[in-house]
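**Student:** Provided below: data.txt, containing compact mmCIF, C-alpha atoms.
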```txt
# COMPACT_ATOMS: atom_id res chain seq x y z
CA MET V 3 0.00 0.00 0.00
CA ILE V 4 1.33 3.42 -0.95
CA VAL V 5 0.52 6.29 1.38
CA GLU V 6 1.26 9.97 1.48
CA LEU V 7 1.21 11.71 4.81
CA SER V 8 1.40 15.39 5.70
CA VAL V 9 1.88 16.28 9.34
CA VAL V 10 1.04 19.91 10.17
CA PRO V 11 1.88 21.05 13.74
CA ILE V 12 -0.47 23.82 14.91
CA GLY V 13 0.21 26.36 17.63
CA VAL V 14 4.02 26.44 17.23
CA GLY V 15 4.43 29.29 14.76
CA GLU V 16 4.61 29.30 10.99
CA SER V 17 7.98 27.64 10.37
CA LEU V 18 7.49 23.87 10.39
CA SER V 19 10.60 22.28 8.84
CA ARG V 20 12.08 21.56 12.28
CA TYR V 21 9.05 19.39 13.02
CA VAL V 22 8.88 17.77 9.60
CA SER V 23 12.52 16.67 9.89
CA GLU V 24 11.64 14.89 13.15
CA VAL V 25 8.71 13.18 11.40
CA ILE V 26 11.17 11.88 8.79
CA LYS V 27 13.48 10.62 11.55
CA VAL V 28 10.65 8.58 13.08
CA ILE V 29 9.84 7.11 9.65
CA ARG V 30 13.51 6.17 9.13
CA GLU V 31 13.86 4.68 12.63
CA ASN V 32 10.90 2.41 11.87
CA GLY V 33 12.60 1.11 8.73
CA VAL V 34 9.88 2.42 6.42
CA ARG V 35 10.77 3.29 2.79
CA TYR V 36 9.95 6.93 2.07
CA GLN V 37 10.22 9.75 -0.47
CA LEU V 38 9.99 13.37 0.69
CA ASN V 39 8.24 15.91 -1.57
CA PRO V 40 7.36 19.61 -1.00
CA MET V 41 3.84 18.79 0.27
CA GLY V 42 4.25 15.48 2.08
CA THR V 43 6.09 12.21 2.49
CA VAL V 44 5.21 9.12 0.47
CA ILE V 45 5.76 5.79 2.20
CA GLU V 46 5.12 2.09 1.58
CA VAL V 47 3.40 0.15 4.36
CA GLY V 48 1.82 -3.30 4.60
CA SER V 49 -1.48 -2.33 6.21
CA PHE V 50 -3.48 0.49 7.74
CA SER V 51 -2.62 -0.88 11.20
CA GLU V 52 1.08 -0.48 10.44
CA LEU V 53 0.35 3.06 9.25
CA GLY V 54 -1.63 3.79 12.42
CA GLU V 55 1.20 2.63 14.68
CA LEU V 56 3.69 4.77 12.76
CA LEU V 57 1.39 7.82 13.08
CA ASP V 58 1.09 7.24 16.84
CA ARG V 59 4.90 7.28 17.10
CA ILE V 60 5.04 10.46 15.04
CA ASN V 61 2.36 12.02 17.23
CA GLU V 62 4.27 11.06 20.39
CA LYS V 63 7.34 12.80 18.97
CA MET V 64 5.25 15.92 18.29
CA GLN V 65 4.07 15.84 21.91
CA GLU V 66 7.68 15.55 23.13
CA MET V 67 8.29 18.73 21.10
CA GLU V 68 5.31 20.32 22.91
CA VAL V 69 3.05 20.69 19.90
CA PRO V 70 -0.47 21.32 21.31
CA ARG V 71 -2.37 20.36 18.15
CA VAL V 72 -1.42 18.16 15.20
CA TYR V 73 -3.28 18.15 11.89
CA VAL V 74 -2.60 15.14 9.69
CA VAL V 75 -3.64 14.49 6.09
CA VAL V 76 -3.26 10.98 4.67
CA LYS V 77 -3.96 9.69 1.17
CA ALA V 78 -3.70 5.92 0.76
CA ASP V 79 -3.79 3.82 -2.38
CA TRP V 80 -4.40 0.13 -1.73
CA ARG V 81 -4.34 -2.31 -4.64
CA LYS V 82 -4.93 -6.04 -4.82
CA LYS V 83 -2.18 -6.08 -7.45
CA LYS V 84 1.01 -5.08 -5.57
CA THR V 85 2.89 -2.04 -6.80
CA SER V 86 5.70 0.28 -5.63
CA MET V 87 6.34 4.03 -5.40
CA GLU V 88 8.80 3.78 -8.30
CA HIS V 89 6.45 1.75 -10.47
CA LYS V 90 3.59 4.25 -10.10
CA VAL V 91 5.72 7.18 -11.29
CA ARG V 92 7.29 5.11 -14.10
CA ALA V 93 3.88 4.05 -15.44
CA VAL V 94 2.95 7.72 -15.91
CA GLU V 95 6.34 8.78 -17.30
CA GLU V 96 6.30 6.01 -19.93
CA LYS V 97 2.99 7.30 -21.22
CA LEU V 98 4.35 10.86 -21.32
CA GLY V 99 7.12 9.65 -23.62
CA MET C 25 -8.98 12.69 18.18
CA ILE C 26 -11.44 13.71 15.46
CA VAL C 27 -10.96 12.17 12.04
CA GLU C 28 -12.69 12.41 8.71
CA LEU C 29 -12.35 9.52 6.32
CA SER C 30 -13.38 9.20 2.69
CA VAL C 31 -13.21 5.72 1.16
CA VAL C 32 -13.29 5.72 -2.65
CA PRO C 33 -13.54 2.28 -4.31
CA ILE C 34 -11.89 2.25 -7.76
CA GLY C 35 -12.61 -0.14 -10.61
CA VAL C 36 -16.25 -0.86 -9.67
CA GLY C 37 -18.07 1.79 -11.72
CA GLU C 38 -19.13 5.31 -10.85
CA SER C 39 -21.91 4.65 -8.35
CA LEU C 40 -20.36 4.23 -4.92
CA SER C 41 -23.16 4.57 -2.32
CA ARG C 42 -23.51 0.77 -2.05
CA TYR C 43 -19.88 0.64 -0.88
CA VAL C 44 -20.07 3.68 1.38
CA SER C 45 -23.07 2.19 3.21
CA GLU C 46 -20.95 -0.91 3.97
CA VAL C 47 -18.17 1.35 5.28
CA ILE C 48 -20.70 2.90 7.67
CA LYS C 49 -21.81 -0.56 8.80
CA VAL C 50 -18.22 -1.49 9.72
CA ILE C 51 -17.86 1.78 11.66
CA ARG C 52 -21.12 1.05 13.54
CA GLU C 53 -20.18 -2.56 14.26
CA ASN C 54 -16.97 -1.32 15.86
CA GLY C 55 -18.91 0.96 18.20
CA VAL C 56 -17.32 4.12 16.84
CA ARG C 57 -19.26 7.42 17.01
CA TYR C 58 -19.72 8.89 13.53
CA GLN C 59 -21.39 11.62 11.49
CA LEU C 60 -21.95 11.14 7.75
CA ASN C 61 -21.61 14.14 5.43
CA PRO C 62 -21.72 14.41 1.60
CA MET C 63 -17.93 14.12 1.26
CA GLY C 64 -16.91 11.78 4.09
CA THR C 65 -17.57 10.39 7.52
CA VAL C 66 -16.34 12.09 10.67
CA ILE C 67 -15.47 9.80 13.58
CA GLU C 68 -13.96 10.02 17.07
CA VAL C 69 -11.13 7.61 17.87
CA GLY C 70 -8.63 7.35 20.71
CA SER C 71 -5.46 6.92 18.65
CA PHE C 72 -4.05 6.46 15.17
CA SER C 73 -3.63 2.73 15.90
CA GLU C 74 -7.35 2.45 16.58
CA LEU C 75 -7.99 4.30 13.32
CA GLY C 76 -5.61 1.98 11.45
CA GLU C 77 -7.36 -1.14 12.73
CA LEU C 78 -10.74 0.28 11.71
CA LEU C 79 -9.42 1.08 8.23
CA ASP C 80 -8.08 -2.46 7.86
CA ARG C 81 -11.55 -3.82 8.68
CA ILE C 82 -13.10 -1.42 6.16
CA ASN C 83 -10.54 -2.51 3.56
CA GLU C 84 -11.30 -6.20 4.23
CA LYS C 85 -15.00 -5.47 3.64
CA MET C 86 -14.12 -3.77 0.34
CA GLN C 87 -12.12 -6.87 -0.67
CA GLU C 88 -15.10 -9.10 0.18
CA MET C 89 -17.06 -6.89 -2.22
CA GLU C 90 -14.33 -7.50 -4.84
CA VAL C 91 -13.04 -3.94 -5.06
CA PRO C 92 -9.65 -4.17 -6.82
CA ARG C 93 -8.37 -0.77 -5.65
CA VAL C 94 -9.31 1.42 -2.70
CA TYR C 95 -8.36 5.08 -2.42
CA VAL C 96 -8.65 6.53 1.09
CA VAL C 97 -8.36 10.15 2.24
CA VAL C 98 -8.03 10.85 5.96
CA LYS C 99 -7.85 14.17 7.80
CA ALA C 100 -7.09 13.93 11.51
CA ASP C 101 -7.16 16.61 14.18
CA TRP C 102 -5.37 15.62 17.37
CA ARG C 103 -5.42 18.01 20.34
CA LYS C 104 -3.86 17.78 23.75
CA LYS C 105 -7.01 19.46 25.04
CA LYS C 106 -9.80 16.90 24.43
CA THR C 107 -12.72 17.97 22.27
CA SER C 108 -15.72 16.40 20.50
CA MET C 109 -17.34 16.55 17.06
CA GLU C 110 -20.23 18.54 18.51
CA HIS C 111 -17.98 20.97 20.36
CA LYS C 112 -15.97 21.83 17.23
CA VAL C 113 -19.07 22.77 15.23
CA ARG C 114 -20.62 24.65 18.18
CA ALA C 115 -17.46 26.77 18.68
CA VAL C 116 -17.77 28.02 15.09
CA GLU C 117 -21.54 28.51 15.20
CA GLU C 118 -21.33 30.57 18.39
CA LYS C 119 -18.95 32.97 16.66
CA LEU C 120 -21.28 33.18 13.65
CA GLY C 121 -24.05 34.33 16.00
CA MET T 22 -19.81 19.77 -8.24
CA ILE T 23 -19.64 18.99 -4.54
CA VAL T 24 -16.55 20.14 -2.67
CA GLU T 25 -15.31 19.96 0.89
CA LEU T 26 -12.82 22.54 2.03
CA SER T 27 -10.79 22.76 5.22
CA VAL T 28 -8.94 26.00 5.88
CA VAL T 29 -6.21 25.71 8.52
CA PRO T 30 -4.56 29.01 9.57
CA ILE T 31 -0.96 28.46 10.71
CA GLY T 32 1.06 30.71 12.98
CA VAL T 33 -1.87 32.15 14.94
CA GLY T 34 -2.07 29.75 17.86
CA GLU T 35 -4.03 26.55 18.33
CA SER T 36 -7.58 27.88 18.59
CA LEU T 37 -8.99 28.28 15.10
CA SER T 38 -12.79 28.66 15.40
CA ARG T 39 -12.54 32.47 15.16
CA TYR T 40 -10.95 32.04 11.72
CA VAL T 41 -13.27 29.26 10.56
CA SER T 42 -16.32 31.41 11.37
CA GLU T 43 -14.90 34.13 9.08
CA VAL T 44 -14.42 31.52 6.33
CA ILE T 45 -18.12 30.64 6.67
CA LYS T 46 -19.06 34.32 6.45
CA VAL T 47 -17.19 34.67 3.13
CA ILE T 48 -18.96 31.55 1.79
CA ARG T 49 -22.35 33.00 2.84
CA GLU T 50 -21.60 36.44 1.37
CA ASN T 51 -20.87 34.76 -1.96
CA GLY T 52 -24.27 33.06 -1.96
CA VAL T 53 -22.78 29.57 -1.92
CA ARG T 54 -24.79 26.69 -0.38
CA TYR T 55 -22.83 25.07 2.44
CA GLN T 56 -22.94 22.52 5.26
CA LEU T 57 -20.51 22.81 8.17
CA ASN T 58 -19.12 19.61 9.73
CA PRO T 59 -16.46 19.07 12.45
CA MET T 60 -13.63 18.65 9.89
CA GLY T 61 -14.62 20.97 7.05
CA THR T 62 -17.31 22.73 5.08
CA VAL T 63 -19.09 21.08 2.17
CA ILE T 64 -20.22 23.41 -0.62
CA GLU T 65 -21.81 23.19 -4.08
CA VAL T 66 -20.09 25.11 -6.86
CA GLY T 67 -20.45 25.15 -10.65
CA SER T 68 -16.78 24.83 -11.59
CA PHE T 69 -13.23 24.74 -10.27
CA SER T 70 -12.81 28.39 -11.38
CA GLU T 71 -15.72 29.39 -9.15
CA LEU T 72 -14.10 27.43 -6.33
CA GLY T 73 -10.74 29.13 -6.97
CA GLU T 74 -12.27 32.61 -6.82
CA LEU T 75 -14.02 31.76 -3.55
CA LEU T 76 -10.75 30.45 -2.07
CA ASP T 77 -8.95 33.66 -3.08
CA ARG T 78 -11.61 35.66 -1.21
CA ILE T 79 -11.23 33.40 1.82
CA ASN T 80 -7.47 33.80 1.64
CA GLU T 81 -7.78 37.60 1.46
CA LYS T 82 -9.91 37.50 4.60
CA MET T 83 -7.23 35.41 6.34
CA GLN T 84 -4.64 38.00 5.35
CA GLU T 85 -6.82 40.80 6.74
CA MET T 86 -6.76 38.79 9.99
CA GLU T 87 -2.94 38.69 9.74
CA VAL T 88 -2.57 34.96 9.23
CA PRO T 89 1.00 34.43 7.93
CA ARG T 90 0.39 30.95 6.47
CA VAL T 91 -2.78 29.21 5.32
CA TYR T 92 -3.02 25.47 4.71
CA VAL T 93 -6.02 24.40 2.66
CA VAL T 94 -7.32 20.88 1.94
CA VAL T 95 -9.94 20.43 -0.77
CA LYS T 96 -11.76 17.28 -1.89
CA ALA T 97 -13.92 17.70 -5.00
CA ASP T 98 -16.39 15.26 -6.55
CA TRP T 99 -17.35 16.18 -10.10
CA ARG T 100 -19.97 14.08 -11.90
CA LYS T 101 -21.38 14.29 -15.40
CA LYS T 102 -24.71 13.30 -13.84
CA LYS T 103 -25.65 16.26 -11.57
CA THR T 104 -26.21 15.56 -7.90
CA SER T 105 -26.61 17.51 -4.64
CA MET T 106 -25.21 17.39 -1.11
CA GLU T 107 -28.55 16.08 0.16
CA HIS T 108 -28.83 13.42 -2.53
CA LYS T 109 -25.39 11.98 -1.80
CA VAL T 110 -26.15 11.46 1.88
CA ARG T 111 -29.65 10.12 1.17
CA ALA T 112 -28.30 7.53 -1.30
CA VAL T 113 -26.11 6.08 1.46
CA GLU T 114 -28.79 6.28 4.17
CA GLU T 115 -31.34 4.45 2.02
CA LYS T 116 -28.94 1.54 1.66
CA LEU T 117 -28.32 1.53 5.41
CA GLY T 118 -32.06 1.04 5.94
CA MET S 21 1.67 29.15 -3.40
CA ILE S 22 2.63 25.48 -3.47
CA VAL S 23 -0.13 23.00 -4.23
CA GLU S 24 -0.36 19.26 -4.56
CA LEU S 25 -3.15 17.84 -6.66
CA SER S 26 -4.33 14.26 -7.09
CA VAL S 27 -6.83 13.59 -9.85
CA VAL S 28 -8.64 10.26 -9.52
CA PRO S 29 -10.89 9.27 -12.46
CA ILE S 30 -13.79 7.07 -11.34
CA GLY S 31 -15.77 4.65 -13.49
CA VAL S 32 -12.99 3.87 -15.98
CA GLY S 33 -11.43 0.80 -14.40
CA GLU S 34 -8.57 0.46 -11.95
CA SER S 35 -5.59 1.44 -14.11
CA LEU S 36 -5.25 5.21 -14.05
CA SER S 37 -1.77 6.08 -15.40
CA ARG S 38 -3.19 6.79 -18.89
CA TYR S 39 -5.33 9.53 -17.33
CA VAL S 40 -2.65 10.89 -15.01
CA SER S 41 -0.25 11.33 -17.95
CA GLU S 42 -2.90 13.49 -19.67
CA VAL S 43 -3.24 15.56 -16.48
CA ILE S 44 0.51 16.19 -16.61
CA LYS S 45 0.27 17.22 -20.27
CA VAL S 46 -2.37 19.85 -19.40
CA ILE S 47 -0.14 21.17 -16.59
CA ARG S 48 2.83 21.38 -19.00
CA GLU S 49 0.79 23.07 -21.76
CA ASN S 50 -0.20 25.75 -19.25
CA GLY S 51 3.44 26.48 -18.45
CA VAL S 52 3.09 25.50 -14.80
CA ARG S 53 6.15 24.21 -12.91
CA TYR S 54 5.49 20.71 -11.53
CA GLN S 55 7.01 17.70 -9.77
CA LEU S 56 5.37 14.29 -10.11
CA ASN S 57 5.39 11.93 -7.10
CA PRO S 58 3.73 8.52 -6.55
CA MET S 59 0.63 10.06 -4.90
CA GLY S 60 0.18 13.37 -6.71
CA THR S 61 1.68 16.27 -8.58
CA VAL S 62 3.12 19.30 -6.80
CA ILE S 63 2.83 22.62 -8.66
CA GLU S 64 3.53 26.30 -8.06
CA VAL S 65 0.71 28.73 -8.85
CA GLY S 66 0.13 32.42 -8.13
CA SER S 67 -3.41 32.19 -6.75
CA PHE S 68 -6.36 29.92 -6.11
CA SER S 69 -8.07 31.38 -9.21
CA GLU S 70 -5.13 30.26 -11.35
CA LEU S 71 -5.39 26.81 -9.73
CA GLY S 72 -9.15 26.72 -10.39
CA GLU S 73 -8.71 27.52 -14.08
CA LEU S 74 -6.05 24.81 -14.41
CA LEU S 75 -8.35 22.27 -12.72
CA ASP S 76 -11.19 23.19 -15.10
CA ARG S 77 -8.87 22.49 -18.05
CA ILE S 78 -7.83 19.17 -16.49
CA ASN S 79 -11.48 18.31 -15.92
CA GLU S 80 -12.35 19.15 -19.56
CA LYS S 81 -9.60 16.78 -20.67
CA MET S 82 -11.04 14.05 -18.43
CA GLN S 83 -14.45 14.63 -20.04
CA GLU S 84 -12.91 14.34 -23.53
CA MET S 85 -11.60 10.96 -22.33
CA GLU S 86 -15.17 10.08 -21.27
CA VAL S 87 -14.53 9.90 -17.54
CA PRO S 88 -18.00 10.01 -15.90
CA ARG S 89 -16.78 11.05 -12.44
CA VAL S 90 -13.61 12.79 -11.30
CA TYR S 91 -12.45 12.89 -7.68
CA VAL S 92 -9.84 15.53 -6.92
CA VAL S 93 -7.78 16.07 -3.76
CA VAL S 94 -5.87 19.34 -3.34
CA LYS S 95 -3.54 20.45 -0.56
CA ALA S 96 -2.40 24.07 -0.77
CA ASP S 97 0.21 25.90 1.27
CA TRP S 98 -0.03 29.67 0.97
CA ARG S 99 2.59 31.82 2.73
CA LYS S 100 3.00 35.57 2.97
CA LYS S 101 6.74 34.90 2.75
CA LYS S 102 7.29 33.50 -0.76
CA THR S 103 8.89 30.07 -1.06
CA SER S 104 9.48 27.40 -3.72
CA MET S 105 9.07 23.63 -4.05
CA GLU S 106 12.84 23.19 -3.88
CA HIS S 107 13.23 25.44 -0.85
CA LYS S 108 10.63 23.52 1.19
CA VAL S 109 12.37 20.18 0.67
CA ARG S 110 15.83 21.68 1.26
CA ALA S 111 14.74 23.24 4.58
CA VAL S 112 13.80 19.78 5.86
CA GLU S 113 16.87 18.03 4.42
CA GLU S 114 19.24 20.52 6.02
CA LYS S 115 17.77 19.75 9.43
CA LEU S 116 18.10 16.01 8.76
CA GLY S 117 21.81 16.55 8.17
```
Give the structure from the file, written as structure tokens.

**Tutor:**
Amino acid sequence: MIVELSVVPIGVGESLSRYVSEVIKVIRENGVRYQLNPMGTVIEVGSFSELGELLDRINEKMQEMEVPRVYVVVKADWRKKKTSMEHKVRAVEEKLG
Amino acid sequence: MIVELSVVPIGVGESLSRYVSEVIKVIRENGVRYQLNPMGTVIEVGSFSELGELLDRINEKMQEMEVPRVYVVVKADWRKKKTSMEHKVRAVEEKLG
Amino acid sequence: MIVELSVVPIGVGESLSRYVSEVIKVIRENGVRYQLNPMGTVIEVGSFSELGELLDRINEKMQEMEVPRVYVVVKADWRKKKTSMEHKVRAVEEKLG
Amino acid sequence: MIVELSVVPIGVGESLSRYVSEVIKVIRENGVRYQLNPMGTVIEVGSFSELGELLDRINEKMQEMEVPRVYVVVKADWRKKKTSMEHKVRAVEEKLG
């Protein structure tokens, strides 16, 4: 399953990269493959439960950093036929020529 | 934590209400408070892990219904200070007068 | 076209209902049908251009309120076959029985 | 303003790369800077109105391809202080070290 997550700390000012870099560290520490983009982080996970546990760890980290409110946006793409982050982009690029 | 989820089955035609009603049934069966709106379902859950387990059950139901691909959008609002679905709407409506 | 929008002001503290109520006022002033829910506002618009113009007006209001950063999440459901906010919910509720 | 858009055609089967590549072509033809990722396309636009017009053109293309229903997810990040797609990623990477 391919998932994009965007974690938006609220109540800590307008500069968020310090928090996003800690989100990435949690993802790395959990051995999850990821790709960072300007609006979120795309990861590969085996199930929604695995995703939920990862998000709880990220949220705990935000609480350690004293973030009073955390807004999270997730888009998930589950397919019976397994795929990968690289394959999805390649399928589009091949058609673009 | 207040969460909105939108489950979009792909590859089963354009009419999706039959699938969405099954999503609601899974939410009910799991004893989760919910509010349906035209673009998603708002629920209250205790953690992201709880949300992940619910989404896995929803996804299993979609697979029973032979959906080959499931697209899911989640928005989550976690606050240190506990709140409810009703409270959030009331806080806005009070300011509207 | 049915659209849900969530406007999240960043850099103005953790309490956001004061800002959300102003978003609703802009929607009302533009004569757009809407339904408020705990995670967003569902509206009916004729096109993405109409939606874009409304979002610019909302964003201007946020700037008047001195919001330094605005995060916006939009989900849009366009169908060839016209529908309404009420119809979408009713179609699901009928199947729930 | 940095925006990520995900265009999900509904009612045309489960393989969507043929449609996504046409979305990219519309973005290119409109001279908009973009970055494709496995879950969406990040672009830079000057305003929500500009975004709305682009989405209408994308939607027209989907209709030419006989897509009966189009689901669109947009995340937008507007800042008073101008930034770029590259800058946002670099700010995080620098903190990761």

**Student:** How would chain C read as an mmCIF file with C-alpha atoms, keeping the file's coordinate frame once least-squares superposed on chain T using all paired C-alpha atoms?

**Tutor:**
```cif
data_model
loop_
_atom_site.group_PDB
_atom_site.id
_atom_site.type_symbol
_atom_site.label_atom_id
_atom_site.label_comp_id
_atom_site.auth_asym_id
_atom_site.auth_seq_id
_atom_site.Cartn_x
_atom_site.Cartn_y
_atom_site.Cartn_z
ATOM 1 C CA MET C 25 -19.800 19.764 -8.250
ATOM 2 C CA ILE C 26 -19.629 18.992 -4.527
ATOM 3 C CA VAL C 27 -16.543 20.145 -2.670
ATOM 4 C CA GLU C 28 -15.305 19.957 0.876
ATOM 5 C CA LEU C 29 -12.820 22.541 2.028
ATOM 6 C CA SER C 30 -10.799 22.752 5.224
ATOM 7 C CA VAL C 31 -8.946 26.013 5.868
ATOM 8 C CA VAL C 32 -6.224 25.726 8.519
ATOM 9 C CA PRO C 33 -4.561 29.013 9.561
ATOM 10 C CA ILE C 34 -0.952 28.472 10.705
ATOM 11 C CA GLY C 35 1.077 30.720 12.981
ATOM 12 C CA VAL C 36 -1.884 32.155 14.936
ATOM 13 C CA GLY C 37 -2.072 29.721 17.866
ATOM 14 C CA GLU C 38 -4.040 26.530 18.322
ATOM 15 C CA SER C 39 -7.580 27.874 18.593
ATOM 16 C CA LEU C 40 -8.978 28.279 15.097
ATOM 17 C CA SER C 41 -12.784 28.655 15.393
ATOM 18 C CA ARG C 42 -12.528 32.465 15.165
ATOM 19 C CA TYR C 43 -10.956 32.032 11.715
ATOM 20 C CA VAL C 44 -13.275 29.264 10.554
ATOM 21 C CA SER C 45 -16.323 31.409 11.376
ATOM 22 C CA GLU C 46 -14.917 34.128 9.071
ATOM 23 C CA VAL C 47 -14.440 31.516 6.332
ATOM 24 C CA ILE C 48 -18.132 30.640 6.670
ATOM 25 C CA LYS C 49 -19.066 34.321 6.437
ATOM 26 C CA VAL C 50 -17.195 34.661 3.123
ATOM 27 C CA ILE C 51 -18.959 31.543 1.797
ATOM 28 C CA ARG C 52 -22.352 32.994 2.835
ATOM 29 C CA GLU C 53 -21.605 36.421 1.376
ATOM 30 C CA ASN C 54 -20.871 34.755 -1.954
ATOM 31 C CA GLY C 55 -24.268 33.053 -1.954
ATOM 32 C CA VAL C 56 -22.795 29.561 -1.938
ATOM 33 C CA ARG C 57 -24.796 26.688 -0.381
ATOM 34 C CA TYR C 58 -22.830 25.054 2.438
ATOM 35 C CA GLN C 59 -22.940 22.516 5.258
ATOM 36 C CA LEU C 60 -20.500 22.792 8.174
ATOM 37 C CA ASN C 61 -19.126 19.605 9.742
ATOM 38 C CA PRO C 62 -16.458 19.057 12.450
ATOM 39 C CA MET C 63 -13.652 18.633 9.898
ATOM 40 C CA GLY C 64 -14.618 20.968 7.045
ATOM 41 C CA THR C 65 -17.302 22.721 5.081
ATOM 42 C CA VAL C 66 -19.089 21.082 2.175
ATOM 43 C CA ILE C 67 -20.220 23.401 -0.619
ATOM 44 C CA GLU C 68 -21.803 23.190 -4.078
ATOM 45 C CA VAL C 69 -20.081 25.108 -6.873
ATOM 46 C CA GLY C 70 -20.449 25.138 -10.647
ATOM 47 C CA SER C 71 -16.776 24.826 -11.588
ATOM 48 C CA PHE C 72 -13.226 24.748 -10.282
ATOM 49 C CA SER C 73 -12.809 28.388 -11.378
ATOM 50 C CA GLU C 74 -15.713 29.385 -9.154
ATOM 51 C CA LEU C 75 -14.095 27.428 -6.323
ATOM 52 C CA GLY C 76 -10.742 29.127 -6.966
ATOM 53 C CA GLU C 77 -12.270 32.602 -6.808
ATOM 54 C CA LEU C 78 -14.017 31.737 -3.541
ATOM 55 C CA LEU C 79 -10.754 30.440 -2.070
ATOM 56 C CA ASP C 80 -8.961 33.641 -3.073
ATOM 57 C CA ARG C 81 -11.608 35.663 -1.211
ATOM 58 C CA ILE C 82 -11.230 33.390 1.822
ATOM 59 C CA ASN C 83 -7.447 33.792 1.642
ATOM 60 C CA GLU C 84 -7.773 37.600 1.449
ATOM 61 C CA LYS C 85 -9.921 37.503 4.603
ATOM 62 C CA MET C 86 -7.242 35.417 6.342
ATOM 63 C CA GLN C 87 -4.626 38.017 5.329
ATOM 64 C CA GLU C 88 -6.814 40.806 6.745
ATOM 65 C CA MET C 89 -6.760 38.802 9.981
ATOM 66 C CA GLU C 90 -2.937 38.702 9.728
ATOM 67 C CA VAL C 91 -2.565 34.962 9.218
ATOM 68 C CA PRO C 92 1.000 34.439 7.929
ATOM 69 C CA ARG C 93 0.382 30.967 6.467
ATOM 70 C CA VAL C 94 -2.782 29.222 5.316
ATOM 71 C CA TYR C 95 -3.017 25.485 4.722
ATOM 72 C CA VAL C 96 -6.026 24.393 2.658
ATOM 73 C CA VAL C 97 -7.323 20.883 1.949
ATOM 74 C CA VAL C 98 -9.941 20.431 -0.769
ATOM 75 C CA LYS C 99 -11.759 17.289 -1.891
ATOM 76 C CA ALA C 100 -13.915 17.681 -4.989
ATOM 77 C CA ASP C 101 -16.389 15.277 -6.545
ATOM 78 C CA TRP C 102 -17.350 16.178 -10.098
ATOM 79 C CA ARG C 103 -19.977 14.079 -11.895
ATOM 80 C CA LYS C 104 -21.387 14.294 -15.370
ATOM 81 C CA LYS C 105 -24.712 13.315 -13.822
ATOM 82 C CA LYS C 106 -25.652 16.278 -11.576
ATOM 83 C CA THR C 107 -26.202 15.583 -7.895
ATOM 84 C CA SER C 108 -26.614 17.522 -4.629
ATOM 85 C CA MET C 109 -25.206 17.394 -1.095
ATOM 86 C CA GLU C 110 -28.532 16.078 0.179
ATOM 87 C CA HIS C 111 -28.829 13.437 -2.528
ATOM 88 C CA LYS C 112 -25.375 11.984 -1.793
ATOM 89 C CA VAL C 113 -26.137 11.462 1.900
ATOM 90 C CA ARG C 114 -29.649 10.131 1.169
ATOM 91 C CA ALA C 115 -28.305 7.523 -1.307
ATOM 92 C CA VAL C 116 -26.121 6.070 1.461
ATOM 93 C CA GLU C 117 -28.782 6.276 4.171
ATOM 94 C CA GLU C 118 -31.337 4.470 2.008
ATOM 95 C CA LYS C 119 -28.936 1.552 1.641
ATOM 96 C CA LEU C 120 -28.322 1.527 5.404
ATOM 97 C CA GLY C 121 -32.072 1.084 5.912
#
```

**Student:** Counting all atoms listed in the file, what is within 12 Å of region 30-35 of chain S, bar same-chain residues fewer than 4 positions away, as a short mmCIF file (atom, residue, chain, number, x, y, z; two decimals) with C-alpha atoms, in the coordinates of the input?

**Tutor:**
```cif
data_model
loop_
_atom_site.label_atom_id
_atom_site.label_comp_id
_atom_site.auth_asym_id
_atom_site.auth_seq_id
_atom_site.Cartn_x
_atom_site.Cartn_y
_atom_site.Cartn_z
CA ASP V 79 -3.79 3.82 -2.38
CA TRP V 80 -4.40 0.13 -1.73
CA ARG V 81 -4.34 -2.31 -4.64
CA LYS V 82 -4.93 -6.04 -4.82
CA LYS V 83 -2.18 -6.08 -7.45
CA THR V 85 2.89 -2.04 -6.80
CA LYS V 90 3.59 4.25 -10.10
CA ALA V 93 3.88 4.05 -15.44
CA VAL V 94 2.95 7.72 -15.91
CA VAL C 32 -13.29 5.72 -2.65
CA PRO C 33 -13.54 2.28 -4.31
CA ILE C 34 -11.89 2.25 -7.76
CA GLY C 35 -12.61 -0.14 -10.61
CA VAL C 36 -16.25 -0.86 -9.67
CA GLY C 37 -18.07 1.79 -11.72
CA GLU C 38 -19.13 5.31 -10.85
CA SER C 39 -21.91 4.65 -8.35
CA LEU C 40 -20.36 4.23 -4.92
CA VAL C 91 -13.04 -3.94 -5.06
CA PRO C 92 -9.65 -4.17 -6.82
CA ARG C 93 -8.37 -0.77 -5.65
CA VAL C 94 -9.31 1.42 -2.70
CA TYR C 95 -8.36 5.08 -2.42
CA ASP T 98 -16.39 15.26 -6.55
CA TRP T 99 -17.35 16.18 -10.10
CA ARG T 100 -19.97 14.08 -11.90
CA LYS T 101 -21.38 14.29 -15.40
CA TYR S 39 -5.33 9.53 -17.33
CA VAL S 40 -2.65 10.89 -15.01
CA SER S 41 -0.25 11.33 -17.95
CA MET S 82 -11.04 14.05 -18.43
CA GLN S 83 -14.45 14.63 -20.04
CA MET S 85 -11.60 10.96 -22.33
CA GLU S 86 -15.17 10.08 -21.27
CA VAL S 87 -14.53 9.90 -17.54
CA PRO S 88 -18.00 10.01 -15.90
CA ARG S 89 -16.78 11.05 -12.44
CA VAL S 90 -13.61 12.79 -11.30
CA TYR S 91 -12.45 12.89 -7.68
CA VAL S 92 -9.84 15.53 -6.92
#
```

**Student:** What's the separation between CA of Asp77 (chain T) and CA of Pro40 (chain V), in Å to one decimal place?

**Tutor:**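 Computing the Euclidean distance for CA of Asp77 (chain T) and CA of Pro40 (chain V) yields 21.6 Å.
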
**Student:** Between T:Gly73, T:Ile48, T:Ser105, T:Ser38, which is the closest to chain C once you count all atoms listed in the file?

**Tutor:**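 For chain C, the nearest of the given residues is T:Ser38.
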